[in-house]
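Following: one structure in structure tokens, then a few remarks.
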Amino acid sequence: MFENLSKAPGDKILALMGEYAADARPTKIDLGVGVYKDEKGVTPVMTSVRKAEERMLSNEKTKTYLGIAGNKGFGTAVLDLVLADAVDLLRVRIAQAPGGTGSLWVLMQLINRARPGATVHVSDPTWANHIPIANSSGLKVATYPYFDTVTRGVKFDEMLAALDKLGADDIVLLHGCCHNPTGANLTDAQWDQVAASLARTGALPFIDLAYLGFGDGIEADAYGTRKILSTVPEAVIAFSGSKNFGLYRERVGAAILVARNAEEADVTNSQLLNIIRGAYSQPPDHGAEIIRTILQDAELRAEWEEELGVMRNRMISLREKLASAIRERSNSTDFDFVAGHRGMFSLLGLTADAVEHLKAGNGVYMTSDSRINVAGIPEEHVGALADAFLGAIR
Ligand code: LMR
């Protein structure tokens, strides 16, 4: 049966987790996979999450099925969190899905049903898993210019020129905030221009919203998504609760679709639910019920927002500390871009050799494209890390 199979490529991000775990050096530093870590290097269970779970344990009366779209209260709460009043909810449908990745997968399948073999345009570069998910759904992938390797900002003019050339059969995958892997993000004025371009060309925006609240705050991070939805007739969004609720292993996310009207929303949603039923039948509930409990309770929600703010501010402060440690040692502003980036990642622009040297010589782990997870920067060893970076690029 299996003799004709060849080995599938590994996932460079998850493989790094294994390599890091196997490294016995006590001074090793993990800047690899995108999980938040506190000052002790721990990925904590948020207090608001713990409290929600305690309530759930005492209130839960059944574990019967919830249906293909999952937890309805979760859906309502997530729509409110993500969209606010950007779009008439009569045109919107939401299905809970297993994580941001599961949400991306069901939406890619949906798009391939609507436009078989259509092209998804992704930023250059993009999250390593976007391309395999699109390809395995039957879609083609092309890239649009995004990251400027010299300024470490967004090549916005080139990006916009590329988007302006697309047509109504194209799909544009956008990172709603906190671009992964680069950390370079659009300004509000640039989002306005992207929304106007999409309205002109009719290309479908596909927004990956995996880090809401990790950049500059929930409202600021939702700006681009809301602007687009209030400007174009159709869109899809893959939402993840992995990072902002710290629910990584619970696999909680949502596939959101916006159609031109309620009738088209119903028909499109029936296809989405059909895809889900044929893939995993229904999503797991635990993580969704945690998020529902938090978002629909004023006290827990305030506590969650505060905890999210602590995580966000810690990442911003680590960015500043690393940039300033490198500036002091090198007498150059070459790495100041790290402080200007937002979200969990920055793409440093190191060569693959330098990345390998940092891993082998210093026990500093990052993905081979030189993406660092800033939450992994050890505050008390930031100077040693800066020395290691400078050593590797010299
Ligand atoms: C990452 O980019 O490191 C995270 O989104 C985790 C993952 O699944 O790749």
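Just remember, in the structure tokens the first chain shown is A, the second B, etc., residues are 1-based per chain, and ligands are 1-based in the order shown.
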
Env of range 331-338 of chain A: 7 Å cut, atoms = only C-alpha atoms, seq-sep filter 5 positions within chain, self excluded. Answer as a short mmCIF file (atom, residue, chain, number, x, y, z; two decimals) with all heavy atoms, in the first residue's frame.
```cif
data_model
loop_
_atom_site.label_atom_id
_atom_site.label_comp_id
_atom_site.auth_asym_id
_atom_site.auth_seq_id
_atom_site.Cartn_x
_atom_site.Cartn_y
_atom_site.Cartn_z
N ARG A 152 14.04 46.81 6.24
CA ARG A 152 13.29 45.90 7.13
C ARG A 152 11.88 46.42 7.41
O ARG A 152 11.26 46.11 8.42
CB ARG A 152 14.01 45.66 8.46
CG ARG A 152 14.88 44.45 8.44
CD ARG A 152 16.23 44.74 7.82
NE ARG A 152 17.22 43.77 8.28
CZ ARG A 152 18.51 43.95 8.24
NH1 ARG A 152 19.00 45.07 7.73
NH2 ARG A 152 19.32 43.03 8.68
N ARG A 319 11.87 44.11 22.68
CA ARG A 319 12.34 44.64 21.38
C ARG A 319 13.29 45.81 21.63
O ARG A 319 14.37 45.90 21.03
CB ARG A 319 11.15 45.13 20.55
CG ARG A 319 10.29 44.05 19.99
CD ARG A 319 9.14 44.64 19.17
NE ARG A 319 8.39 43.59 18.53
CZ ARG A 319 8.78 42.90 17.47
NH1 ARG A 319 9.93 43.19 16.90
NH2 ARG A 319 8.03 41.95 16.97
N ALA A 323 17.33 45.98 20.77
CA ALA A 323 17.82 46.99 19.82
C ALA A 323 18.86 47.88 20.50
O ALA A 323 19.92 48.18 19.93
CB ALA A 323 16.66 47.82 19.28
N ILE A 326 22.23 46.09 21.10
CA ILE A 326 23.03 45.97 19.86
C ILE A 326 23.60 47.34 19.47
O ILE A 326 24.77 47.45 19.09
CB ILE A 326 22.17 45.36 18.71
CG1 ILE A 326 21.75 43.94 19.07
CG2 ILE A 326 22.95 45.37 17.40
CD1 ILE A 326 20.90 43.23 18.02
N SER A 346 10.38 39.18 14.49
CA SER A 346 11.13 40.10 13.63
C SER A 346 11.99 39.24 12.73
O SER A 346 12.55 38.22 13.18
CB SER A 346 12.05 41.01 14.45
OG SER A 346 11.39 42.21 14.79
#
```

Practice item. Determine which residues of range 82-327 of chain A receive a DSSP assignment of alpha helix (DSSP H), computed from the backbone, and state them as a ChimeraX atom specification. Key: /A:82-83,99-114,130-136,156-164,188-201,218-229,262-279,286-295,298-327

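Once only C-alpha atoms and all ligand atoms are used for the distance check, the residues close to ligand 1 at 7 Å turn out to be Ile13, Leu14, Gly32, Val33, Gly34, Val35, Trp127, Asn129 and Asn180 of chain A.
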
Export of prior selection with C-alpha atoms as a PDB file, in the first residue's frame:
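Generated file (selection_27.pdb):
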```pdb
ATOM      1  CA  ILE A  13       9.196  25.657  12.690  1.00  0.00           C
ATOM      2  CA  LEU A  14       8.008  22.573  14.573  1.00  0.00           C
ATOM      3  CA  GLY A  32      11.987  29.662  17.439  1.00  0.00           C
ATOM      4  CA  VAL A  33       8.342  28.617  17.506  1.00  0.00           C
ATOM      5  CA  GLY A  34       5.790  31.390  18.082  1.00  0.00           C
ATOM      6  CA  VAL A  35       4.706  30.840  21.647  1.00  0.00           C
ATOM      7  CA  TRP A 127       4.117  32.133   7.335  1.00  0.00           C
ATOM      8  CA  ASN A 129       2.429  26.918   6.528  1.00  0.00           C
ATOM      9  CA  ASN A 180       4.630  36.580  10.546  1.00  0.00           C
TER      10      ASN A 180
END
```

Practice item. May I ask which of the residues A:Gly167, A:Gly253, A:Gly18, A:Pro44 is the closest one to Asp30 in chain A, counting only C-alpha atoms? Key: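 Closest residue, counting only C-alpha atoms: A:Gly18.
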
Proximity check range 66-163 of chain A to range 231-243 of chain A, 8 Å, nearest pairs one decimal Å, only C-alpha atoms, as a Markdown table:
```
| residue | atom | partner | partner_atom | distance |
| --- | --- | --- | --- | --- |
| A:Gly99 | CA | A:Ser240 | CA | 5.5 |
| A:Gly100 | CA | A:Ser240 | CA | 4.2 |
| A:Thr101 | CA | A:Ala238 | CA | 8.0 |
| A:Ser103 | CA | A:Ala238 | CA | 5.1 |
| A:Leu104 | CA | A:Ala238 | CA | 5.5 |
| A:Leu107 | CA | A:Val236 | CA | 7.3 |
```

Within range 165-317 of chain A, find each residue whose DSSP state, derived from the backbone, is strand (DSSP E or B), and express the selection as a CSV table (one decimal) with all heavy atoms, in the first residue's frame.
```
chain,number,residue,atom,x,y,z
A,171,ILE,N,-7.2,35.9,-5.0
A,171,ILE,CA,-7.4,35.9,-3.6
A,171,ILE,C,-6.1,36.6,-3.0
A,171,ILE,O,-5.0,36.2,-3.4
A,171,ILE,CB,-7.5,34.5,-3.0
A,171,ILE,CG1,-8.8,33.9,-3.6
A,171,ILE,CG2,-7.6,34.5,-1.5
A,171,ILE,CD1,-8.5,32.9,-4.7
A,172,VAL,N,-6.2,37.5,-2.1
A,172,VAL,CA,-5.0,38.1,-1.5
A,172,VAL,C,-5.0,37.8,0.0
A,172,VAL,O,-5.9,38.2,0.8
A,172,VAL,CB,-5.1,39.7,-1.6
A,172,VAL,CG1,-3.8,40.3,-1.0
A,172,VAL,CG2,-5.3,40.1,-3.1
A,173,LEU,N,-4.0,37.0,0.4
A,173,LEU,CA,-3.8,36.7,1.8
A,173,LEU,C,-3.1,37.8,2.5
A,173,LEU,O,-1.9,38.1,2.1
A,173,LEU,CB,-3.1,35.3,1.9
A,173,LEU,CG,-3.3,34.7,3.3
A,173,LEU,CD1,-3.4,33.2,3.1
A,173,LEU,CD2,-2.2,35.0,4.2
A,174,LEU,N,-3.7,38.4,3.5
A,174,LEU,CA,-3.1,39.5,4.3
A,174,LEU,C,-3.0,39.1,5.7
A,174,LEU,O,-3.9,38.4,6.2
A,174,LEU,CB,-4.0,40.7,4.2
A,174,LEU,CG,-4.2,41.3,2.8
A,174,LEU,CD1,-5.5,42.0,2.6
A,174,LEU,CD2,-3.0,42.2,2.4
A,175,HIS,N,-1.9,39.5,6.4
A,175,HIS,CA,-1.8,39.3,7.8
A,175,HIS,C,-2.5,40.5,8.5
A,175,HIS,O,-2.0,41.6,8.3
A,175,HIS,CB,-0.3,39.2,8.2
A,175,HIS,CG,0.4,38.1,7.5
A,175,HIS,ND1,1.3,37.3,8.2
A,175,HIS,CD2,0.5,37.7,6.2
A,175,HIS,CE1,1.8,36.4,7.4
A,175,HIS,NE2,1.3,36.6,6.2
A,204,LEU,N,-10.4,39.0,-3.8
A,204,LEU,CA,-11.0,38.6,-2.5
A,204,LEU,C,-9.9,38.7,-1.3
A,204,LEU,O,-8.9,38.0,-1.4
A,204,LEU,CB,-11.5,37.1,-2.5
A,204,LEU,CG,-12.1,36.7,-1.2
A,204,LEU,CD1,-13.6,37.1,-1.1
A,204,LEU,CD2,-12.1,35.2,-1.0
A,205,PRO,N,-10.2,39.5,-0.3
A,205,PRO,CA,-9.2,39.5,0.8
A,205,PRO,C,-9.4,38.3,1.7
A,205,PRO,O,-10.6,38.0,2.1
A,205,PRO,CB,-9.6,40.8,1.6
A,205,PRO,CG,-10.9,41.3,1.1
A,205,PRO,CD,-11.2,40.5,-0.2
A,206,PHE,N,-8.3,37.7,2.0
A,206,PHE,CA,-8.3,36.5,2.9
A,206,PHE,C,-7.4,37.0,4.1
A,206,PHE,O,-6.2,37.0,3.9
A,206,PHE,CB,-7.7,35.3,2.2
A,206,PHE,CG,-7.8,34.0,2.9
A,206,PHE,CD1,-8.2,32.9,2.2
A,206,PHE,CD2,-7.6,33.9,4.3
A,206,PHE,CE1,-8.2,31.6,2.9
A,206,PHE,CE2,-7.6,32.7,4.9
A,206,PHE,CZ,-8.0,31.6,4.3
A,207,ILE,N,-8.0,37.3,5.2
A,207,ILE,CA,-7.2,37.9,6.3
A,207,ILE,C,-6.9,36.8,7.4
A,207,ILE,O,-7.8,36.1,7.9
A,207,ILE,CB,-8.0,39.0,7.0
A,207,ILE,CG1,-8.3,40.1,5.9
A,207,ILE,CG2,-7.2,39.6,8.1
A,207,ILE,CD1,-9.2,41.2,6.4
A,208,ASP,N,-5.6,36.6,7.6
A,208,ASP,CA,-5.1,35.7,8.7
A,208,ASP,C,-4.9,36.6,9.9
A,208,ASP,O,-4.0,37.4,10.0
A,208,ASP,CB,-3.8,35.1,8.2
A,208,ASP,CG,-3.3,34.0,9.3
A,208,ASP,OD1,-3.9,34.0,10.4
A,208,ASP,OD2,-2.4,33.3,8.9
A,209,LEU,N,-5.8,36.3,10.9
A,209,LEU,CA,-5.7,37.2,12.1
A,209,LEU,C,-5.4,36.3,13.3
A,209,LEU,O,-6.2,35.9,14.1
A,209,LEU,CB,-7.1,37.8,12.3
A,209,LEU,CG,-7.2,39.0,13.3
A,209,LEU,CD1,-6.3,40.1,13.0
A,209,LEU,CD2,-8.7,39.5,13.4
A,235,ALA,N,-15.3,38.8,1.8
A,235,ALA,CA,-14.0,38.6,2.4
A,235,ALA,C,-14.0,37.3,3.3
A,235,ALA,O,-15.1,36.8,3.6
A,235,ALA,CB,-13.6,39.7,3.4
A,236,VAL,N,-12.9,36.7,3.6
A,236,VAL,CA,-12.8,35.6,4.6
A,236,VAL,C,-11.7,36.0,5.6
A,236,VAL,O,-10.8,36.6,5.3
A,236,VAL,CB,-12.6,34.2,4.0
A,236,VAL,CG1,-13.8,33.8,3.1
A,236,VAL,CG2,-11.3,34.2,3.2
A,237,ILE,N,-12.0,35.5,6.8
A,237,ILE,CA,-11.0,35.7,7.9
A,237,ILE,C,-10.7,34.4,8.7
A,237,ILE,O,-11.7,33.7,9.0
A,237,ILE,CB,-11.5,36.8,8.9
A,237,ILE,CG1,-12.0,38.0,8.2
A,237,ILE,CG2,-10.5,37.1,10.0
A,237,ILE,CD1,-12.8,38.9,9.1
A,238,ALA,N,-9.5,34.1,8.9
A,238,ALA,CA,-9.1,33.0,9.8
A,238,ALA,C,-8.6,33.6,11.1
A,238,ALA,O,-7.6,34.3,11.2
A,238,ALA,CB,-8.0,32.2,9.1
A,239,PHE,N,-9.4,33.4,12.2
A,239,PHE,CA,-9.1,33.9,13.5
A,239,PHE,C,-8.5,32.8,14.3
A,239,PHE,O,-8.9,31.7,14.3
A,239,PHE,CB,-10.4,34.5,14.1
A,239,PHE,CG,-10.2,34.8,15.6
A,239,PHE,CD1,-9.6,36.0,16.0
A,239,PHE,CD2,-10.6,33.9,16.6
A,239,PHE,CE1,-9.4,36.3,17.3
A,239,PHE,CE2,-10.4,34.2,18.0
A,239,PHE,CZ,-9.8,35.4,18.3
A,240,SER,N,-7.5,33.2,15.1
A,240,SER,CA,-6.9,32.2,16.0
A,240,SER,C,-7.0,32.7,17.5
A,240,SER,O,-6.7,33.9,17.7
A,240,SER,CB,-5.4,32.0,15.7
A,240,SER,OG,-4.8,31.2,16.7
A,253,GLY,N,-10.0,28.3,17.0
A,253,GLY,CA,-10.0,29.4,16.0
A,253,GLY,C,-11.4,29.5,15.4
A,253,GLY,O,-12.3,28.8,15.8
A,254,ALA,N,-11.5,30.3,14.4
A,254,ALA,CA,-12.8,30.5,13.7
A,254,ALA,C,-12.6,30.9,12.3
A,254,ALA,O,-11.7,31.7,11.9
A,254,ALA,CB,-13.6,31.6,14.4
A,255,ALA,N,-13.4,30.3,11.4
A,255,ALA,CA,-13.5,30.7,10.0
A,255,ALA,C,-14.7,31.6,9.8
A,255,ALA,O,-15.8,31.3,10.1
A,255,ALA,CB,-13.7,29.4,9.1
A,256,ILE,N,-14.4,32.8,9.3
A,256,ILE,CA,-15.4,33.9,9.2
A,256,ILE,C,-15.6,34.2,7.7
A,256,ILE,O,-14.6,34.3,7.0
A,256,ILE,CB,-15.0,35.1,10.0
A,256,ILE,CG1,-14.8,34.9,11.5
A,256,ILE,CG2,-16.1,36.3,9.8
A,256,ILE,CD1,-14.2,36.0,12.2
A,257,LEU,N,-16.8,34.2,7.3
A,257,LEU,CA,-17.0,34.6,5.8
A,257,LEU,C,-18.0,35.8,5.8
A,257,LEU,O,-18.9,35.9,6.5
A,257,LEU,CB,-17.5,33.5,5.0
A,257,LEU,CG,-18.8,32.9,5.2
A,257,LEU,CD1,-19.9,33.5,4.3
A,257,LEU,CD2,-18.8,31.4,4.9
A,258,VAL,N,-17.7,36.7,4.9
A,258,VAL,CA,-18.5,37.8,4.6
A,258,VAL,C,-18.9,37.8,3.1
A,258,VAL,O,-18.1,37.7,2.2
A,258,VAL,CB,-17.8,39.2,4.9
A,258,VAL,CG1,-18.7,40.4,4.6
A,258,VAL,CG2,-17.2,39.2,6.2
```

For range 168-231 of chain A against range 294-309 of chain A, with a cut-off of 10 Å and counting only C-alpha atoms, what is the closest atom pair and its distance in Å to one decimal for every residue that makes the cut, ordered by chain and number, as CSV?
```
residue,atom,partner,partner_atom,distance
A:Leu212,CA,A:Leu308,CA,9.8
A:Gly213,CA,A:Leu308,CA,6.8
A:Phe214,CA,A:Leu308,CA,7.4
A:Gly215,CA,A:Gly309,CA,9.7
A:Asp216,CA,A:Gly309,CA,9.0
A:Gly217,CA,A:Gly309,CA,7.3
A:Ile218,CA,A:Glu305,CA,8.6
```

Grab the residues selected above and save them as a short mmCIF file (atom, residue, chain, number, x, y, z; two decimals), in the first residue's frame with C-alpha atoms.
```
data_model
loop_
_atom_site.label_atom_id
_atom_site.label_comp_id
_atom_site.auth_asym_id
_atom_site.auth_seq_id
_atom_site.Cartn_x
_atom_site.Cartn_y
_atom_site.Cartn_z
CA LEU A 212 -4.95 40.18 17.52
CA GLY A 213 -3.85 42.22 20.55
CA PHE A 214 -0.14 41.33 20.29
CA GLY A 215 0.83 44.43 18.29
CA ASP A 216 -0.47 47.76 19.55
CA GLY A 217 -3.74 46.68 21.22
CA ILE A 218 -6.99 45.02 20.17
#
```

**Study point:** Residues within 12 Å of Ala360 in chain A, only C-alpha atoms, excluding chain neighbours under 5 positions, as a list in words
**Key:**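 That gives Glu19, Tyr20, Asp23, Arg25, Lys28, Ile29, Asp353, Ala354, Val355, Tyr365, Met366, Ala388 and Ala392 of chain A.
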
Write a file of the selected residues as a CSV table (one decimal), in the first residue's frame, keeping all heavy atoms.
```csv
chain,number,residue,atom,x,y,z
A,19,GLU,N,14.6,20.1,18.1
A,19,GLU,CA,16.1,20.3,18.2
A,19,GLU,C,16.4,21.1,19.4
A,19,GLU,O,17.4,20.7,20.1
A,19,GLU,CB,16.5,21.2,17.0
A,19,GLU,CG,16.9,20.4,15.7
A,19,GLU,CD,17.5,21.3,14.7
A,19,GLU,OE1,18.6,21.8,14.9
A,19,GLU,OE2,16.8,21.6,13.7
A,20,TYR,N,15.6,22.1,19.8
A,20,TYR,CA,15.9,22.9,21.0
A,20,TYR,C,15.8,22.0,22.2
A,20,TYR,O,16.6,22.0,23.1
A,20,TYR,CB,14.9,24.1,21.0
A,20,TYR,CG,15.1,24.9,22.3
A,20,TYR,CD1,16.2,25.8,22.4
A,20,TYR,CD2,14.3,24.7,23.4
A,20,TYR,CE1,16.4,26.5,23.5
A,20,TYR,CE2,14.5,25.5,24.5
A,20,TYR,CZ,15.5,26.4,24.6
A,20,TYR,OH,15.7,27.1,25.7
A,23,ASP,N,18.8,19.9,22.9
A,23,ASP,CA,20.0,20.6,23.2
A,23,ASP,C,20.2,20.6,24.7
A,23,ASP,O,19.4,21.2,25.5
A,23,ASP,CB,20.0,22.0,22.6
A,23,ASP,CG,21.3,22.7,22.7
A,23,ASP,OD1,22.1,22.4,23.6
A,23,ASP,OD2,21.5,23.5,21.8
A,25,ARG,N,22.6,22.2,26.4
A,25,ARG,CA,23.3,23.4,27.0
A,25,ARG,C,22.4,24.2,27.8
A,25,ARG,O,21.3,24.6,27.4
A,25,ARG,CB,23.8,24.2,25.8
A,25,ARG,CG,25.0,23.6,25.1
A,25,ARG,CD,25.5,24.4,23.9
A,25,ARG,NE,24.5,24.2,22.8
A,25,ARG,CZ,24.7,24.7,21.6
A,25,ARG,NH1,25.8,25.5,21.3
A,25,ARG,NH2,23.9,24.5,20.6
A,28,LYS,N,21.2,27.7,26.4
A,28,LYS,CA,20.5,27.8,25.1
A,28,LYS,C,19.3,28.8,25.2
A,28,LYS,O,18.7,29.0,26.3
A,28,LYS,CB,19.9,26.4,24.7
A,28,LYS,CG,18.9,25.8,25.7
A,28,LYS,CD,18.5,24.4,25.3
A,28,LYS,CE,17.5,23.8,26.3
A,28,LYS,NZ,17.1,22.5,25.9
A,29,ILE,N,19.0,29.4,24.1
A,29,ILE,CA,18.0,30.4,24.0
A,29,ILE,C,17.0,30.0,22.9
A,29,ILE,O,17.4,29.8,21.7
A,29,ILE,CB,18.6,31.8,23.7
A,29,ILE,CG1,19.5,32.2,24.9
A,29,ILE,CG2,17.5,32.8,23.5
A,29,ILE,CD1,20.2,33.5,24.7
A,353,ASP,N,23.9,30.8,7.1
A,353,ASP,CA,25.2,30.4,7.8
A,353,ASP,C,25.2,31.0,9.2
A,353,ASP,O,25.6,30.4,10.1
A,353,ASP,CB,26.4,30.9,7.0
A,353,ASP,CG,26.7,29.9,5.8
A,353,ASP,OD1,26.1,28.8,5.8
A,353,ASP,OD2,27.6,30.3,5.0
A,354,ALA,N,24.8,32.3,9.2
A,354,ALA,CA,24.9,33.0,10.5
A,354,ALA,C,23.9,32.4,11.5
A,354,ALA,O,24.1,32.2,12.7
A,354,ALA,CB,24.5,34.5,10.3
A,355,VAL,N,22.7,32.0,10.9
A,355,VAL,CA,21.7,31.3,11.8
A,355,VAL,C,22.2,30.0,12.3
A,355,VAL,O,22.1,29.7,13.5
A,355,VAL,CB,20.4,31.1,11.0
A,355,VAL,CG1,19.4,30.2,11.7
A,355,VAL,CG2,19.7,32.4,10.6
A,365,TYR,N,18.5,29.6,19.1
A,365,TYR,CA,17.6,28.9,18.1
A,365,TYR,C,16.6,29.9,17.4
A,365,TYR,O,15.9,30.6,18.1
A,365,TYR,CB,16.8,27.8,18.7
A,365,TYR,CG,17.7,26.6,19.0
A,365,TYR,CD1,18.6,26.6,20.0
A,365,TYR,CD2,17.5,25.4,18.2
A,365,TYR,CE1,19.4,25.4,20.2
A,365,TYR,CE2,18.3,24.3,18.4
A,365,TYR,CZ,19.2,24.3,19.4
A,365,TYR,OH,20.0,23.2,19.7
A,366,MET,N,16.6,30.0,16.1
A,366,MET,CA,15.6,30.7,15.4
A,366,MET,C,15.4,30.0,14.1
A,366,MET,O,16.2,29.1,13.7
A,366,MET,CB,16.1,32.2,15.1
A,366,MET,CG,17.3,32.2,14.1
A,366,MET,SD,17.9,33.9,13.9
A,366,MET,CE,18.8,34.1,15.5
A,388,ALA,N,26.2,37.7,20.7
A,388,ALA,CA,26.1,36.5,19.8
A,388,ALA,C,25.6,37.0,18.4
A,388,ALA,O,26.2,36.6,17.4
A,388,ALA,CB,25.1,35.5,20.4
A,392,ALA,N,27.9,36.7,15.0
A,392,ALA,CA,27.5,35.9,13.9
A,392,ALA,C,27.5,36.7,12.5
A,392,ALA,O,27.7,36.1,11.5
A,392,ALA,CB,26.1,35.3,14.1
```

Exercise for review: Write out as a PyMOL selection string the residues lying within 9 Å of Val106 in chain A, counting only C-alpha atoms and excluding same-chain residues fewer than 5 positions away.
Suggested key: chain A and resi 97+101+111+137+255+272+275-276+279

Kindly save the residues from that selection, with N, CA and C atoms included, as a PDB file, in the first residue's frame.
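Below is the file selection04.pdb, written as the result:
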```
ATOM      1  N   ALA A  97     -13.364  26.589  14.393  1.00  0.00           N
ATOM      2  CA  ALA A  97     -12.497  25.599  13.729  1.00  0.00           C
ATOM      3  C   ALA A  97     -11.281  25.327  14.619  1.00  0.00           C
ATOM      4  N   THR A 101      -4.862  27.441  12.045  1.00  0.00           N
ATOM      5  CA  THR A 101      -4.525  26.589  10.907  1.00  0.00           C
ATOM      6  C   THR A 101      -5.761  25.866  10.384  1.00  0.00           C
ATOM      7  N   ILE A 111     -12.715  28.230  -0.784  1.00  0.00           N
ATOM      8  CA  ILE A 111     -12.351  29.035  -1.953  1.00  0.00           C
ATOM      9  C   ILE A 111     -12.125  28.139  -3.162  1.00  0.00           C
ATOM     10  N   SER A 137      -5.097  22.375  -0.785  1.00  0.00           N
ATOM     11  CA  SER A 137      -6.519  22.631  -1.038  1.00  0.00           C
ATOM     12  C   SER A 137      -6.817  22.742  -2.527  1.00  0.00           C
ATOM     13  N   ALA A 255     -13.439  30.329  11.408  1.00  0.00           N
ATOM     14  CA  ALA A 255     -13.484  30.695   9.991  1.00  0.00           C
ATOM     15  C   ALA A 255     -14.672  31.636   9.818  1.00  0.00           C
ATOM     16  N   LEU A 272     -19.320  25.684   3.506  1.00  0.00           N
ATOM     17  CA  LEU A 272     -18.313  25.648   4.579  1.00  0.00           C
ATOM     18  C   LEU A 272     -18.640  24.529   5.580  1.00  0.00           C
ATOM     19  N   ILE A 275     -17.896  21.158   4.182  1.00  0.00           N
ATOM     20  CA  ILE A 275     -16.446  20.852   4.219  1.00  0.00           C
ATOM     21  C   ILE A 275     -16.063  20.367   5.613  1.00  0.00           C
ATOM     22  N   ILE A 276     -16.544  21.073   6.625  1.00  0.00           N
ATOM     23  CA  ILE A 276     -16.188  20.721   8.012  1.00  0.00           C
ATOM     24  C   ILE A 276     -16.717  19.326   8.360  1.00  0.00           C
ATOM     25  N   ALA A 279     -14.607  16.700   7.029  1.00  0.00           N
ATOM     26  CA  ALA A 279     -13.204  16.674   7.474  1.00  0.00           C
ATOM     27  C   ALA A 279     -13.093  16.179   8.920  1.00  0.00           C
TER      28      ALA A 279
END
```

Review point. Quick one, how far is CA of Gly73 in chain A from CA of Tyr211 in chain A?
Key: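 About the pair CA of Gly73 in chain A and CA of Tyr211 in chain A: they are 21.1 Å apart.
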
Point to revise | Non-local contacts of His357 in chain A (10 Å; only C-alpha atoms; under 5 positions in same chain excluded) as a ChimeraX atom specification | key: /A:351-352,362-365,388-389,391-393

Can you write out the residues you just picked, keeping N, CA, C and O atoms, as a compact mmCIF listing (two decimals), in the first residue's frame?
```txt
# COMPACT_ATOMS: atom_id res chain seq x y z
N THR A 351 22.14 35.64 7.27
CA THR A 351 22.30 34.55 6.31
C THR A 351 22.01 33.22 7.01
O THR A 351 22.06 33.13 8.25
N ALA A 352 21.76 32.18 6.18
CA ALA A 352 21.51 30.85 6.75
C ALA A 352 22.74 30.38 7.53
O ALA A 352 22.62 29.72 8.57
N ASN A 362 26.31 29.14 19.74
CA ASN A 362 25.79 29.87 20.90
C ASN A 362 24.53 29.24 21.51
O ASN A 362 24.02 29.75 22.51
N GLY A 363 23.99 28.24 20.87
CA GLY A 363 22.73 27.65 21.40
C GLY A 363 21.56 28.61 21.24
O GLY A 363 20.59 28.55 22.00
N VAL A 364 21.64 29.52 20.24
CA VAL A 364 20.53 30.44 19.99
C VAL A 364 19.73 29.90 18.81
O VAL A 364 20.25 29.77 17.70
N TYR A 365 18.47 29.57 19.08
CA TYR A 365 17.62 28.93 18.06
C TYR A 365 16.64 29.91 17.44
O TYR A 365 15.91 30.61 18.14
N ALA A 388 26.15 37.71 20.67
CA ALA A 388 26.08 36.55 19.78
C ALA A 388 25.64 36.98 18.39
O ALA A 388 26.21 36.55 17.38
N PHE A 389 24.63 37.85 18.30
CA PHE A 389 24.16 38.31 16.98
C PHE A 389 25.30 39.03 16.24
O PHE A 389 25.55 38.77 15.06
N GLY A 391 28.48 38.78 16.71
CA GLY A 391 29.53 37.81 16.37
C GLY A 391 29.16 37.05 15.09
O GLY A 391 30.02 36.79 14.24
N ALA A 392 27.88 36.71 14.99
CA ALA A 392 27.46 35.88 13.85
C ALA A 392 27.47 36.66 12.53
O ALA A 392 27.65 36.07 11.47
N ILE A 393 27.26 37.96 12.60
CA ILE A 393 27.21 38.72 11.32
C ILE A 393 28.58 39.27 10.92
O ILE A 393 28.74 39.76 9.81
```
